[in-house]
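Single-structure report; data block below.
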Amino acid sequence: MLDFTFEIIDEYTINTKILYANEWFTFNIYEKDQVWTLHPFDGMLIRNKDMCQLVVNELLKNKYFHVMCAKENILLSEIRTTVDLGNRANPALPEPRPREERPVDDEPEDVQSFMDNHSLDEIMEIEKEIVHTRMSVYKQMLEIMFMQGASPSDKEFVQIQSVFTMWKEAYEKITGLSDSDFSGGKKRW
(Lines give C-alpha, C1' and ligand atoms only; values in the text may rest on other atoms or scores of the structure.)
Protein backbone atom coordinates (compact mmCIF):
# COMPACT_ATOMS: atom_id res chain seq x y z
CA MET A 1 0.00 0.00 0.00
CA LEU A 2 1.29 3.46 -0.94
CA ASP A 3 1.82 5.98 1.84
CA PHE A 4 1.18 8.95 -0.47
CA THR A 5 -1.57 9.97 -2.92
CA PHE A 6 -2.38 13.15 -4.79
CA GLU A 7 -5.11 14.69 -6.92
CA ILE A 8 -4.50 17.51 -9.38
CA ILE A 9 -7.41 19.91 -9.00
CA ASP A 10 -6.24 22.40 -11.63
CA GLU A 11 -2.94 23.80 -12.90
CA TYR A 12 -2.54 25.85 -9.70
CA THR A 13 -3.85 23.43 -7.04
CA ILE A 14 -2.94 19.90 -5.94
CA ASN A 15 -4.40 18.00 -2.99
CA THR A 16 -2.07 15.46 -1.38
CA LYS A 17 -2.46 12.84 1.33
CA ILE A 18 0.31 11.19 3.30
CA LEU A 19 0.08 8.24 5.65
CA TYR A 20 1.85 9.00 8.91
CA ALA A 21 1.56 6.68 11.94
CA ASN A 22 -1.44 4.91 10.35
CA GLU A 23 -3.29 8.22 9.90
CA TRP A 24 -3.93 10.03 6.62
CA PHE A 25 -3.15 13.75 6.57
CA THR A 26 -4.31 16.03 3.78
CA PHE A 27 -2.36 18.98 2.39
CA ASN A 28 -3.12 21.48 -0.31
CA ILE A 29 -0.33 22.72 -2.57
CA TYR A 30 -1.23 25.85 -4.46
CA GLU A 31 0.53 28.38 -6.66
CA LYS A 32 0.01 32.09 -6.12
CA ASP A 33 2.23 34.83 -7.53
CA GLN A 34 4.59 32.17 -8.95
CA VAL A 35 5.18 30.68 -5.48
CA TRP A 36 4.07 27.15 -4.57
CA THR A 37 2.77 26.91 -0.99
CA LEU A 38 2.04 23.83 1.11
CA HIS A 39 -0.88 24.13 3.55
CA PRO A 40 -2.28 21.51 5.98
CA PHE A 41 -6.02 20.76 5.78
CA ASP A 42 -6.34 18.77 9.00
CA GLY A 43 -7.47 20.59 12.13
CA MET A 44 -5.14 18.47 14.26
CA LEU A 45 -2.12 19.75 12.32
CA ILE A 46 -3.31 23.35 12.37
CA ARG A 47 -3.80 23.22 16.16
CA ASN A 48 -0.64 21.25 16.93
CA LYS A 49 2.42 22.96 15.43
CA ASP A 50 4.87 20.24 16.57
CA MET A 51 2.82 17.46 15.00
CA CYS A 52 2.43 19.52 11.85
CA GLN A 53 6.20 19.97 11.59
CA LEU A 54 6.71 16.20 11.89
CA VAL A 55 4.17 15.36 9.19
CA VAL A 56 5.34 18.12 6.81
CA ASN A 57 8.96 17.01 7.22
CA GLU A 58 7.91 13.44 6.44
CA LEU A 59 6.00 14.61 3.36
CA LEU A 60 9.01 16.57 2.13
CA LYS A 61 11.16 13.42 2.44
CA ASN A 62 8.65 11.21 0.61
CA LYS A 63 10.01 9.95 -2.74
CA TYR A 64 6.53 9.80 -4.33
CA PHE A 65 6.02 13.43 -3.37
CA HIS A 66 9.35 14.24 -5.04
CA VAL A 67 8.27 12.50 -8.26
CA MET A 68 4.89 14.29 -8.24
CA CYS A 69 6.62 17.66 -7.84
CA ALA A 70 9.07 16.85 -10.63
CA LYS A 71 6.24 15.87 -12.99
CA GLU A 72 4.40 19.10 -12.20
CA ASN A 73 7.56 21.25 -12.56
CA ILE A 74 7.52 22.26 -8.89
CA LEU A 75 10.99 22.73 -7.44
CA LEU A 76 11.22 21.25 -3.94
CA SER A 77 13.66 23.94 -2.90
CA GLU A 78 11.11 26.65 -3.73
CA ILE A 79 8.06 25.24 -1.93
CA ARG A 80 6.90 27.50 0.89
CA THR A 81 4.81 26.36 3.82
CA THR A 82 2.16 28.06 5.91
CA VAL A 83 3.72 26.47 9.00
CA ASP A 84 7.09 27.28 10.50
CA LEU A 85 9.41 24.30 9.99
CA GLY A 86 12.17 25.49 12.27
CA ASN A 87 15.60 25.08 10.68
CA ARG A 88 14.32 24.44 7.18
CA ALA A 89 15.95 26.57 4.50
CA ASN A 90 12.64 27.82 3.08
CA PRO A 91 10.87 30.45 5.15
CA ALA A 92 7.22 29.91 6.05
CA LEU A 93 6.16 32.99 4.10
CA PRO A 94 7.55 34.71 1.03
CA GLU A 95 9.95 37.54 1.66
CA PRO A 96 8.14 40.86 1.89
CA ARG A 97 8.24 42.81 -1.33
CA PRO A 98 9.31 46.43 -1.39
CA ARG A 99 6.37 48.75 -1.08
CA GLU A 100 5.26 49.92 -4.50
CA GLU A 101 4.60 53.53 -5.33
CA ARG A 102 1.04 54.57 -4.55
CA PRO A 103 -1.26 55.59 -7.38
CA VAL A 104 -1.60 59.33 -7.88
CA ASP A 105 -5.23 59.23 -6.67
CA ASP A 106 -4.07 58.02 -3.22
CA GLU A 107 -2.19 61.20 -2.46
CA PRO A 108 -3.14 63.99 -4.83
CA GLU A 109 -0.36 66.51 -5.31
CA ASP A 110 -2.80 69.33 -6.00
CA VAL A 111 -5.76 69.04 -3.65
CA GLN A 112 -7.76 71.76 -5.42
CA SER A 113 -7.31 70.02 -8.78
CA PHE A 114 -8.30 66.72 -7.19
CA MET A 115 -11.45 68.32 -5.77
CA ASP A 116 -12.27 69.96 -9.11
CA ASN A 117 -11.98 66.65 -10.99
CA HIS A 118 -13.83 64.36 -8.56
CA SER A 119 -17.29 64.44 -7.05
CA LEU A 120 -17.73 63.81 -3.35
CA ASP A 121 -19.12 60.36 -4.18
CA GLU A 122 -16.00 59.55 -6.22
CA ILE A 123 -13.73 60.69 -3.38
CA MET A 124 -15.65 58.54 -0.91
CA GLU A 125 -15.31 55.52 -3.23
CA ILE A 126 -11.56 56.10 -3.56
CA GLU A 127 -11.22 56.23 0.23
CA LYS A 128 -13.37 53.12 0.67
CA GLU A 129 -11.10 51.23 -1.75
CA ILE A 130 -7.95 52.34 0.09
CA VAL A 131 -9.33 51.40 3.51
CA HIS A 132 -10.77 48.11 2.21
CA THR A 133 -7.36 47.16 0.79
CA ARG A 134 -5.65 47.80 4.15
CA MET A 135 -8.39 45.90 6.01
CA SER A 136 -7.93 42.93 3.64
CA VAL A 137 -4.16 42.88 4.20
CA TYR A 138 -4.56 42.67 7.97
CA LYS A 139 -7.29 40.05 7.65
CA GLN A 140 -4.93 37.90 5.56
CA MET A 141 -2.19 38.39 8.15
CA LEU A 142 -4.54 37.15 10.88
CA GLU A 143 -5.49 34.10 8.81
CA ILE A 144 -1.85 33.23 8.17
CA MET A 145 -0.94 33.73 11.83
CA PHE A 146 -3.87 31.53 12.89
CA MET A 147 -2.81 28.79 10.47
CA GLN A 148 0.67 28.95 11.98
CA GLY A 149 -0.78 28.34 15.45
CA ALA A 150 -1.11 31.89 16.79
CA SER A 151 -4.15 32.64 18.92
CA PRO A 152 -5.76 35.55 20.80
CA SER A 153 -3.40 34.75 23.68
CA ASP A 154 -0.38 35.81 21.57
CA LYS A 155 0.68 39.47 21.83
CA GLU A 156 1.45 39.83 18.10
CA PHE A 157 -1.88 38.28 17.13
CA VAL A 158 -3.74 40.70 19.42
CA GLN A 159 -1.87 43.69 17.96
CA ILE A 160 -2.61 42.69 14.35
CA GLN A 161 -6.22 41.97 15.34
CA SER A 162 -6.48 45.49 16.84
CA VAL A 163 -5.15 47.09 13.65
CA PHE A 164 -7.59 45.01 11.57
CA THR A 165 -10.46 46.13 13.84
CA MET A 166 -9.47 49.79 13.40
CA TRP A 167 -9.44 49.45 9.59
CA LYS A 168 -12.77 47.58 9.70
CA GLU A 169 -14.37 50.30 11.83
CA ALA A 170 -12.97 52.99 9.51
CA TYR A 171 -14.41 51.13 6.50
CA GLU A 172 -17.83 50.88 8.17
CA LYS A 173 -17.79 54.61 9.01
CA ILE A 174 -16.76 55.61 5.49
CA THR A 175 -19.41 53.30 4.04
CA GLY A 176 -22.00 54.92 6.32
CA LEU A 177 -20.91 58.37 5.16
CA SER A 178 -20.98 57.44 1.49
CA ASP A 179 -24.41 55.82 1.88
CA SER A 180 -25.78 59.12 3.23
CA ASP A 181 -26.58 61.54 0.44
CA PHE A 182 -25.87 64.97 1.86
CA SER A 183 -25.12 66.57 -1.48
CA GLY A 184 -28.30 65.94 -3.40
CA GLY A 185 -26.10 64.43 -6.13
CA LYS A 186 -24.11 67.67 -6.64
CA LYS A 187 -20.53 68.56 -5.88
CA ARG A 188 -20.27 70.24 -2.51
CA TRP A 189 -17.43 72.67 -3.31
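Labels used: A, B, ... for chains in the order of the C-alpha coordinates, numbers from 1 for residues in each chain, and numbers from 1 for ligands as shown.
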
Counting only C-alpha atoms, give me one row per residue of segment 4-62 of chain A with an atom at most 8 Å from an atom of segment 131-149 of chain A, showing the shortest contact pair and its distance in Å to one decimal, sorted by chain then residue number, as a tab-separated table.
```
residue	atom	partner	partner_atom	distance
A:Ile46	CA	A:Met147	CA	5.8
A:Arg47	CA	A:Gly149	CA	6.0
A:Asn48	CA	A:Gly149	CA	7.2
A:Lys49	CA	A:Gly149	CA	6.3
```

Query - Close residues, His66 of chain A itself excluded, 12 Å, only C-alpha atoms, min 4 positions apart in chain, as a list of chain:residue names - result: A:Phe4, A:Thr5, A:Phe6, A:Glu58, A:Leu59, A:Leu60, A:Lys61, A:Asn62, A:Ala70, A:Lys71, A:Glu72, A:Asn73, A:Ile74, A:Leu75, A:Leu76, A:Ser77, A:Ile79

Selection from above, all heavy atoms, as a short mmCIF file (atom, residue, chain, number, x, y, z; two decimals), in the first residue's frame, can you write it?
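So again-v8.cif came out as:
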```
data_model
loop_
_atom_site.label_atom_id
_atom_site.label_comp_id
_atom_site.auth_asym_id
_atom_site.auth_seq_id
_atom_site.Cartn_x
_atom_site.Cartn_y
_atom_site.Cartn_z
N PHE A 4 1.37 7.61 0.07
CA PHE A 4 1.18 8.95 -0.47
C PHE A 4 0.25 8.90 -1.68
O PHE A 4 0.39 8.02 -2.53
CB PHE A 4 2.54 9.53 -0.90
CG PHE A 4 2.44 10.85 -1.62
CD1 PHE A 4 2.23 12.03 -0.92
CD2 PHE A 4 2.54 10.91 -3.00
CE1 PHE A 4 2.13 13.24 -1.59
CE2 PHE A 4 2.44 12.12 -3.68
CZ PHE A 4 2.23 13.28 -2.96
N THR A 5 -0.71 9.83 -1.74
CA THR A 5 -1.57 9.97 -2.92
C THR A 5 -1.73 11.46 -3.21
O THR A 5 -1.51 12.30 -2.34
CB THR A 5 -2.97 9.35 -2.72
OG1 THR A 5 -3.64 10.05 -1.68
CG2 THR A 5 -2.88 7.87 -2.38
N PHE A 6 -2.13 11.75 -4.45
CA PHE A 6 -2.38 13.15 -4.79
C PHE A 6 -3.47 13.23 -5.84
O PHE A 6 -3.74 12.27 -6.56
CB PHE A 6 -1.10 13.86 -5.25
CG PHE A 6 -0.57 13.39 -6.57
CD1 PHE A 6 -0.91 14.04 -7.75
CD2 PHE A 6 0.29 12.30 -6.65
CE1 PHE A 6 -0.40 13.62 -8.97
CE2 PHE A 6 0.80 11.87 -7.86
CZ PHE A 6 0.45 12.53 -9.02
N GLU A 58 8.03 14.78 7.03
CA GLU A 58 7.91 13.44 6.44
C GLU A 58 7.44 13.54 4.99
O GLU A 58 7.95 12.84 4.11
CB GLU A 58 6.94 12.59 7.26
CG GLU A 58 6.95 11.14 6.90
CD GLU A 58 8.27 10.44 7.24
OE1 GLU A 58 8.97 10.85 8.19
OE2 GLU A 58 8.60 9.47 6.54
N LEU A 59 6.48 14.41 4.73
CA LEU A 59 6.00 14.61 3.36
C LEU A 59 7.14 15.08 2.46
O LEU A 59 7.30 14.60 1.33
CB LEU A 59 4.85 15.63 3.35
CG LEU A 59 4.30 16.02 1.98
CD1 LEU A 59 3.63 14.83 1.30
CD2 LEU A 59 3.33 17.18 2.12
N LEU A 60 7.93 16.02 2.94
CA LEU A 60 9.01 16.57 2.13
C LEU A 60 10.13 15.56 1.88
O LEU A 60 10.96 15.76 0.99
CB LEU A 60 9.56 17.85 2.76
CG LEU A 60 8.56 19.01 2.81
CD1 LEU A 60 9.13 20.17 3.60
CD2 LEU A 60 8.16 19.45 1.42
N LYS A 61 10.17 14.48 2.66
CA LYS A 61 11.16 13.42 2.44
C LYS A 61 10.62 12.29 1.58
O LYS A 61 11.36 11.41 1.17
CB LYS A 61 11.61 12.84 3.78
CG LYS A 61 12.46 13.78 4.61
CD LYS A 61 13.03 13.05 5.81
CE LYS A 61 12.22 13.37 7.03
NZ LYS A 61 12.67 12.69 8.24
N ASN A 62 9.30 12.31 1.30
CA ASN A 62 8.65 11.21 0.61
C ASN A 62 9.04 11.19 -0.87
O ASN A 62 8.87 12.18 -1.59
CB ASN A 62 7.13 11.36 0.76
CG ASN A 62 6.39 10.18 0.20
OD1 ASN A 62 6.32 10.02 -1.01
ND2 ASN A 62 5.83 9.37 1.08
N ALA A 70 8.28 16.81 -9.41
CA ALA A 70 9.07 16.85 -10.63
C ALA A 70 8.18 16.82 -11.87
O ALA A 70 8.38 17.58 -12.82
CB ALA A 70 10.06 15.68 -10.66
N LYS A 71 7.16 15.96 -11.85
CA LYS A 71 6.24 15.87 -12.99
C LYS A 71 5.45 17.16 -13.19
O LYS A 71 5.10 17.50 -14.31
CB LYS A 71 5.27 14.71 -12.80
CG LYS A 71 5.88 13.36 -13.05
CD LYS A 71 4.85 12.26 -12.91
CE LYS A 71 5.44 10.91 -13.24
NZ LYS A 71 4.45 9.83 -13.09
N GLU A 72 5.19 17.86 -12.12
CA GLU A 72 4.40 19.10 -12.20
C GLU A 72 5.29 20.35 -12.28
O GLU A 72 4.80 21.47 -12.16
CB GLU A 72 3.46 19.21 -10.99
CG GLU A 72 2.43 18.11 -10.92
CD GLU A 72 1.57 18.02 -12.17
OE1 GLU A 72 1.12 19.08 -12.66
OE2 GLU A 72 1.35 16.90 -12.66
N ASN A 73 6.59 20.14 -12.45
CA ASN A 73 7.56 21.25 -12.56
C ASN A 73 7.57 22.15 -11.32
O ASN A 73 7.68 23.37 -11.42
CB ASN A 73 7.31 22.08 -13.82
CG ASN A 73 7.55 21.29 -15.08
OD1 ASN A 73 8.50 20.53 -15.15
ND2 ASN A 73 6.68 21.45 -16.05
N ILE A 74 7.45 21.53 -10.16
CA ILE A 74 7.52 22.26 -8.89
C ILE A 74 8.87 21.94 -8.26
O ILE A 74 9.18 20.77 -8.01
CB ILE A 74 6.38 21.82 -7.93
CG1 ILE A 74 5.02 22.06 -8.56
CG2 ILE A 74 6.51 22.54 -6.59
CD1 ILE A 74 3.86 21.44 -7.79
N LEU A 75 9.68 22.95 -8.06
CA LEU A 75 10.99 22.73 -7.44
C LEU A 75 10.82 22.59 -5.93
O LEU A 75 10.25 23.45 -5.27
CB LEU A 75 11.92 23.89 -7.75
CG LEU A 75 12.25 24.11 -9.23
CD1 LEU A 75 13.11 25.36 -9.40
CD2 LEU A 75 12.96 22.89 -9.79
N LEU A 76 11.32 21.49 -5.39
CA LEU A 76 11.22 21.25 -3.94
C LEU A 76 11.84 22.38 -3.13
O LEU A 76 11.32 22.78 -2.09
CB LEU A 76 11.89 19.92 -3.57
CG LEU A 76 11.15 18.66 -3.99
CD1 LEU A 76 12.02 17.44 -3.73
CD2 LEU A 76 9.84 18.55 -3.27
N SER A 77 12.95 22.90 -3.64
CA SER A 77 13.66 23.94 -2.90
C SER A 77 12.90 25.26 -2.85
O SER A 77 13.23 26.14 -2.06
CB SER A 77 15.04 24.18 -3.53
OG SER A 77 14.89 24.60 -4.87
N ILE A 79 9.37 25.39 -2.56
CA ILE A 79 8.06 25.24 -1.93
C ILE A 79 8.07 25.96 -0.59
O ILE A 79 8.97 25.77 0.23
CB ILE A 79 7.70 23.75 -1.72
CG1 ILE A 79 7.52 23.06 -3.05
CG2 ILE A 79 6.43 23.62 -0.88
CD1 ILE A 79 7.23 21.58 -2.95
#
```

Report task. Do a neighbour search on Ile8 of chain A at 12 Å with only C-alpha atoms, toss out local chain neighbours closer than 2 positions, and write the hits as a ChimeraX atom specification. Result -> /A:5-6,10-17,28-30,68-69,71-72

Requested in this report: Apply DSSP to the structure's backbone, then extract all residues of segment 4-182 of chain A labelled alpha helix (DSSP H) and return them as a ChimeraX atom specification.
Outcome: /A:43-47,49-61,63-71,111-117,120-147,155-179

Query raised in the report: Using only C-alpha atoms, which of the listed residues (A:Glu122, A:Asp42, A:Asp3, A:Glu127) sits closest to Tyr171 of chain A?
Result: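 For Tyr171 of chain A, the nearest of the candidates is A:Glu127.
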
Query - Counting only C-alpha atoms, the option among A:Met115, A:Ile9, A:Leu2, A:Phe157 closest to Tyr64 of chain A - result: A:Leu2

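Among A:Ser151, A:Asn22, A:Asn57, A:Thr175, the residue with the shortest atom-to-atom distance to Ile126 of chain A, counting only C-alpha atoms, is A:Thr175.
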